Amino acid sequence: MTISPVIKQEHLYKLVEQGKRADGRQFNQYRPITIEPGIISKAEGSARVRIGNTQVIAGIKMSIGDPYPDTPDSGVITTAAELIPLASPDFEAGPPDQQTIELARVVDRGIRESEVIDLGKLCIIPGEKIWIIFIDIHIIDYDGNLFDAASLAALAALFNAKVPITQLMPMLEKIKEQYPDAAGYLQEHPEDYPLPLRDPPISCTFVKFNNAIVVDPSIDEQDIAEARITVATDPKGDIRAMQKGLKGSFTADEIKKIIKDSVINGSDIRKILKESVGT
Amino acid sequence: MKSDKKLIDENGKRLDGRGPDQLRNIKIEAGVLHRADGSCYLEWGGNKVIAAVYGPREAIPKHTQNPLKAIVKARYNMAAFSVDDRKRPGPDRRSQEISKVTSEALEKIVLTDQFPRAAIDVNIEVLDAEAGTRCAGLTAAGVALADAGIPMRDIPVACAAGKIGAENNDGMFSGGFVVLDLGKEEDNFGNADLPIAIAPRTNDIILLQMDGHLTFDEFEHALDLAMKGCQEISKLQKEALLRRYKSDVEVEE
Amino acid sequence: MSKSTREIVIPGQLVGDLKDFKPGRGTIVENEKIYSNVLGIRYESPPYINVVPLKGRYDAVMGDLVIGIVEEAMSSSWLVDINAPYPALLHVNEVPWDVEFGETEKFLNTGDSIMAKVLQVNIEKKLQITLKDRNLYKIRGGHIINVEPSKVPRIIGKKGSMIGILKKYTRCRIFVGQNGRIWIDGEDKNVALAQQAIHKIEEESISFGLTNKIEEFLASHGQ
């Protein structure tokens with residue numbers, strides 16, 4: 001575990017008292033964001049997202065599977081994250097720990113509950129065969145704010161993804177032999193097609209320390225954060241997911257202000273996302 | 001291994017247009033990560049890998065420490081999305097074996113006695129996989145180790161040669177070509193694969209595996225090809241490091 | 001260090017012959033030939049050939065002044081991170097205070113920063129540091145930044161010329177640890193300026209007149 005010096009904390013405390021951050025940003029300002037879609041040829045969709053020095057790669061794989069009994073006509077998404085030791089001196093190899101699982105679940109919720117993916121359109125044969133979407137998030141370089149980088153990478157990868165009809169045609173043909181109804185689906189979708197996606201909510205993460213609240217925490221800010229909150233807002237400015245973390249607290253007014261700031265930052269980031277994936 | 005496809009024609013031209021002794025395209029970039037002590041991004045044909053080095057740092061847990069020298073811990077990992085059928089995250093038997101032989105190969109090159117009780121962690125992540133990832137990973141690791149300032153005898157480099165296009169009649173092989181650096185189809189349908197890693201200055205072999213079927217003469221030829229491939233890639237490793245750091249030494253004060 | 005050919009070299013590269021030179025830092029000898037063992041810069045410093053690493057952890061040398069961060073307070077000593085491969089040991093006998101057994105935490109605790117001197121580096125690379133010398137103490141206030149240990153000589157400059165200019169124009173207190181940690185204290189905007197100047201020194205290629213260049217930068221950006 002890397003020990004962070006106490007005077008670093010004191011330095012950051014002193015700066016925020018004067019309305020400043022160590023890297024010169026405003027409290028409500030993100031580091032530069034870049035999105036590169038389609039960087040992994042084996043994946044159905046992929047993207048690399050950089051927020052400052054933080055770097056995350058998300059990849060989408062799809063396969064054909066059986067639906068859950070309670071949602072027989074819907075596709076399935078599963079989200080996993082890997083905090084691999086490549087990305088930080090403090091990450092260890094091994095099965096996902098609580099931090100990793102929280103990250104994957106928050107990303108998953110932002111996509112699932114906000115219905116970014118029209119899962120109803122990912123049904124091949126109702127009650128029998130549906131598409132499974134695997135969202136895998138690989139942290140490459142960890143310099144703070146994984147939540148936003150991971151969410152954005154997952155979204156960009158989804159927008160970059162194509163349903164792999166051509167590649168899985170042999171399997172689809174077999175399914176058609178067993179379930180003649182599949183012919184309808186195949187007629188409608190003779191070749192690869194983009195995932196059915198809606199305008200996505202965007203996650204913005206804030207941390208609080210020494211009574212200051214800053215967006216997009218750097219690793220140093222995250223190390224000393226007392227409380228953290230992630231808010232996902234949609235294009236209408238409505239709230240679609242939230243997650244508060246760490247041991248400190250926020251006041252209700254602070255949270256309301258954070259939501260308003262999320263809408264502003266979210267719409268900027270949504271523009272970057274749309275430009276990069278070309279929708 | 002069964003070859004339904006014609007992997008190579010009579011003139012020695014391969015599916016992707018390469019000649020028998022030609023490498024796929026290779027691109028190497030040193031020092032690409034912010035947090036790691038040393039790092040390398042490498043593209044080799046359709047392979048994309050990143051290697052990151054941390055250390056030397058105190059080996060943990062303590063019982064893994066060697067009081068006389070550093071241990072080199074390579075960890076080869078494939079991203080879930082790096083292959084056609086999604087791979088379950090986490091180490092499987094194949095990646096554990098590759099991690100082991102890679103660690104052993106690197107340990108031979110690193111001057112481990114300079115750092116008693118320490119660990120040098122080498123993380124190799126395969127982002128896109130298309131035949132030959134262990135060679136790509138080890139080659140990237142060599143650059144990342146140098147980039148981290150780790151003292152070494154040499155910069156390790158890896159490459160494979162193999163055999164493709166033989167006729168198989170009930171296990172009796174006839175014909176076929178020994179070729180350098182098997183591509184995707186060649187790896188799936190070829191007759192033999194011989195990945196090696198060497199210390200390029202001395203040509204010492206530090207990793208060698210082989211599967212398939214080779215005569216002694218074919219082995220000699222394949223080893224020779226793979227060595228030459230290693231030497232060619234070694235040049236690219238050096239160029240990548242010099243590109244990254246040449247601005248550090250431009251003019252004398 | 002004498003003048004002469006400077007060249008970037010990589011591990012395994014031939015840097016000289018035993019007939020002409022003795023093998024110095026960062027080299028190995030095989031079959032009468034001298035090779036570099038690290039990514040670095042080749043210096044001829046007759047009779048030696050040295051390779052000074054460009055990157056890597058701090059290689060502790062006895063007598064070096066360093067900035068350490070306390071990792072752990074133990075019953076009669078502290079473990080201190082000095083950016084070397086291993087934590088350094090600071091024994092209660094090596095501090096200027098009377099510390100009762102088990103009361104180390106009252107004096108230095110996890111996360112505290114200190115200016116220390118490397119007391120001993122033994123053959124197993126076990127490191128000991130001391131606070132018993134002039135100008136060694138626990139750091140209060142200010143800010144620490146990190147640079148590659150190999151860039152430290154450049155930041156200090158010839159006979160302290162660079163550091164002198166930094167102090168003069170920023171009116172900051174600056175302490176450069178040989179281990180690549182730099183402590184800066186002063187008015188906030190001056191600390192920021194010093195920080196910018198140091199990053200500039202770090203990034204610029206070694207070029208003739210870097211000291212003048214930095215002086216110009218400081219003069220134009222200061223008040």
# chains A, B, ... in the order shown; residues from 1 in each chain; ligands from 1
$ residues_around --residues "Ile239 (chain A)" --least-positions-apart "2" --cutoff "12 Å" --atoms "only C-alpha atoms" --output "PyMOL selection string"
chain A and resi 110+113-114+200-204+230-237+241-243+255-256+258-263+266
$ residues_around --residues "Leu193 (chain C)" --least-positions-apart "3" --cutoff "12 Å" --atoms "only C-alpha atoms" --output "list in words"
Gly24 of chain A; Leu166, Lys167, Tyr169, Thr170, Arg171, Cys172, Ile184, Asp185, Gly186, Glu187, Asp188, Lys189, Asn190, Gln196, Ala197, Ile198, His199, Lys200, Ile214, Glu215, Phe217, Leu218, Ala219, Ser220, His221, Gly222 and Gln223 of chain C
$ closest_residue --among "A:Pro72, A:Pro5, A:Gly144, A:Pro190" --to "Gly52 (chain A)" --atoms "only C-alpha atoms"
A:Gly144
$ closest_residue --among "A:Asp143, A:Asp23, A:Glu36, A:Glu128" --to "chain B" --atoms "only C-alpha atoms"
A:Asp143
$ interface_residues --of "chain B" --to "chain A" --cutoff "12 Å" --atoms "only C-alpha atoms" --output "PDB file with C-alpha atoms, in the first residue's frame"
ATOM      1  CA  VAL B  32       2.940   4.547 -22.343  1.00  0.00           C
ATOM      2  CA  LEU B  33       1.525   4.384 -18.807  1.00  0.00           C
ATOM      3  CA  HIS B  34       1.504   7.001 -16.062  1.00  0.00           C
ATOM      4  CA  ARG B  35       1.435   4.898 -12.907  1.00  0.00           C
ATOM      5  CA  ALA B  36       3.746   2.032 -13.842  1.00  0.00           C
ATOM      6  CA  ASP B  37       7.522   2.277 -13.316  1.00  0.00           C
ATOM      7  CA  GLY B  38       8.020   1.084 -16.888  1.00  0.00           C
ATOM      8  CA  SER B  39       5.641   0.140 -19.675  1.00  0.00           C
ATOM      9  CA  CYS B  40       5.303  -0.843 -23.314  1.00  0.00           C
ATOM     10  CA  TYR B  41       2.510  -1.085 -25.853  1.00  0.00           C
ATOM     11  CA  GLU B  43       1.068  -4.465 -31.773  1.00  0.00           C
ATOM     12  CA  GLY B  45      -0.139  -8.497 -36.529  1.00  0.00           C
ATOM     13  CA  GLY B  46      -3.590  -8.612 -34.924  1.00  0.00           C
ATOM     14  CA  ASN B  47      -2.159  -8.866 -31.389  1.00  0.00           C
ATOM     15  CA  LYS B  48      -2.273  -5.912 -29.052  1.00  0.00           C
ATOM     16  CA  VAL B  49      -0.549  -6.193 -25.680  1.00  0.00           C
ATOM     17  CA  ILE B  50       0.494  -3.856 -22.881  1.00  0.00           C
ATOM     18  CA  ALA B  51       3.232  -4.671 -20.392  1.00  0.00           C
ATOM     19  CA  ALA B  52       3.821  -2.765 -17.155  1.00  0.00           C
ATOM     20  CA  VAL B  53       6.631  -3.188 -14.644  1.00  0.00           C
ATOM     21  CA  TYR B  54       6.468  -2.298 -10.948  1.00  0.00           C
ATOM     22  CA  GLY B  55       9.534  -2.476  -8.765  1.00  0.00           C
ATOM     23  CA  PRO B  56      11.977  -3.471  -7.614  1.00  0.00           C
ATOM     24  CA  ARG B  57       9.940  -3.298  -4.415  1.00  0.00           C
ATOM     25  CA  GLU B  58       9.831  -5.369  -1.265  1.00  0.00           C
ATOM     26  CA  ILE B  60       5.068  -9.460  -0.337  1.00  0.00           C
ATOM     27  CA  PRO B  61       4.140 -11.801   1.296  1.00  0.00           C
ATOM     28  CA  LYS B  73       6.923 -12.271 -11.143  1.00  0.00           C
ATOM     29  CA  ALA B  74       5.408 -12.147 -14.587  1.00  0.00           C
ATOM     30  CA  ARG B  75       1.640 -12.281 -14.836  1.00  0.00           C
ATOM     31  CA  TYR B  76       0.150 -12.978 -18.245  1.00  0.00           C
ATOM     32  CA  ASN B  77      -3.527 -12.142 -18.459  1.00  0.00           C
ATOM     33  CA  MET B  78      -6.004 -12.077 -21.328  1.00  0.00           C
ATOM     34  CA  ALA B  79      -8.771  -9.501 -21.376  1.00  0.00           C
ATOM     35  CA  ALA B  80     -12.217 -11.086 -21.562  1.00  0.00           C
ATOM     36  CA  PHE B  81     -12.828  -9.356 -24.899  1.00  0.00           C
ATOM     37  CA  SER B  82      -9.495 -10.274 -26.496  1.00  0.00           C
ATOM     38  CA  VAL B  83     -10.685 -13.519 -28.098  1.00  0.00           C
ATOM     39  CA  ASP B  84     -13.575 -14.675 -30.313  1.00  0.00           C
ATOM     40  CA  ASP B  85     -15.456 -16.447 -27.528  1.00  0.00           C
ATOM     41  CA  ARG B  86     -15.421 -14.312 -24.409  1.00  0.00           C
ATOM     42  CA  LYS B  87     -12.855 -15.534 -21.910  1.00  0.00           C
ATOM     43  CA  ARG B  88     -13.876 -15.730 -18.281  1.00  0.00           C
ATOM     44  CA  PRO B  89     -11.829 -13.169 -16.327  1.00  0.00           C
ATOM     45  CA  GLY B  90      -9.048 -14.466 -14.113  1.00  0.00           C
ATOM     46  CA  PRO B  91      -6.174 -16.879 -14.544  1.00  0.00           C
ATOM     47  CA  ASP B  92      -6.763 -20.209 -16.235  1.00  0.00           C
ATOM     48  CA  ILE B 120       9.951  -7.138  -9.850  1.00  0.00           C
ATOM     49  CA  ASP B 121       6.381  -7.427 -11.078  1.00  0.00           C
ATOM     50  CA  VAL B 122       5.810  -7.707 -14.783  1.00  0.00           C
ATOM     51  CA  ASN B 123       2.162  -7.472 -15.828  1.00  0.00           C
ATOM     52  CA  ILE B 124       1.314  -8.502 -19.360  1.00  0.00           C
ATOM     53  CA  GLU B 125      -2.209  -7.774 -20.580  1.00  0.00           C
ATOM     54  CA  VAL B 126      -3.406  -9.173 -23.859  1.00  0.00           C
ATOM     55  CA  LEU B 127      -6.046  -6.811 -25.251  1.00  0.00           C
ATOM     56  CA  ASP B 128      -6.451  -8.361 -28.696  1.00  0.00           C
ATOM     57  CA  ALA B 129      -5.278 -11.897 -29.391  1.00  0.00           C
ATOM     58  CA  GLU B 130      -4.369 -13.394 -32.739  1.00  0.00           C
ATOM     59  CA  ALA B 141       7.887  -7.118 -21.133  1.00  0.00           C
ATOM     60  CA  ALA B 144       8.899  -2.374 -20.183  1.00  0.00           C
TER      61      ALA B 144
END
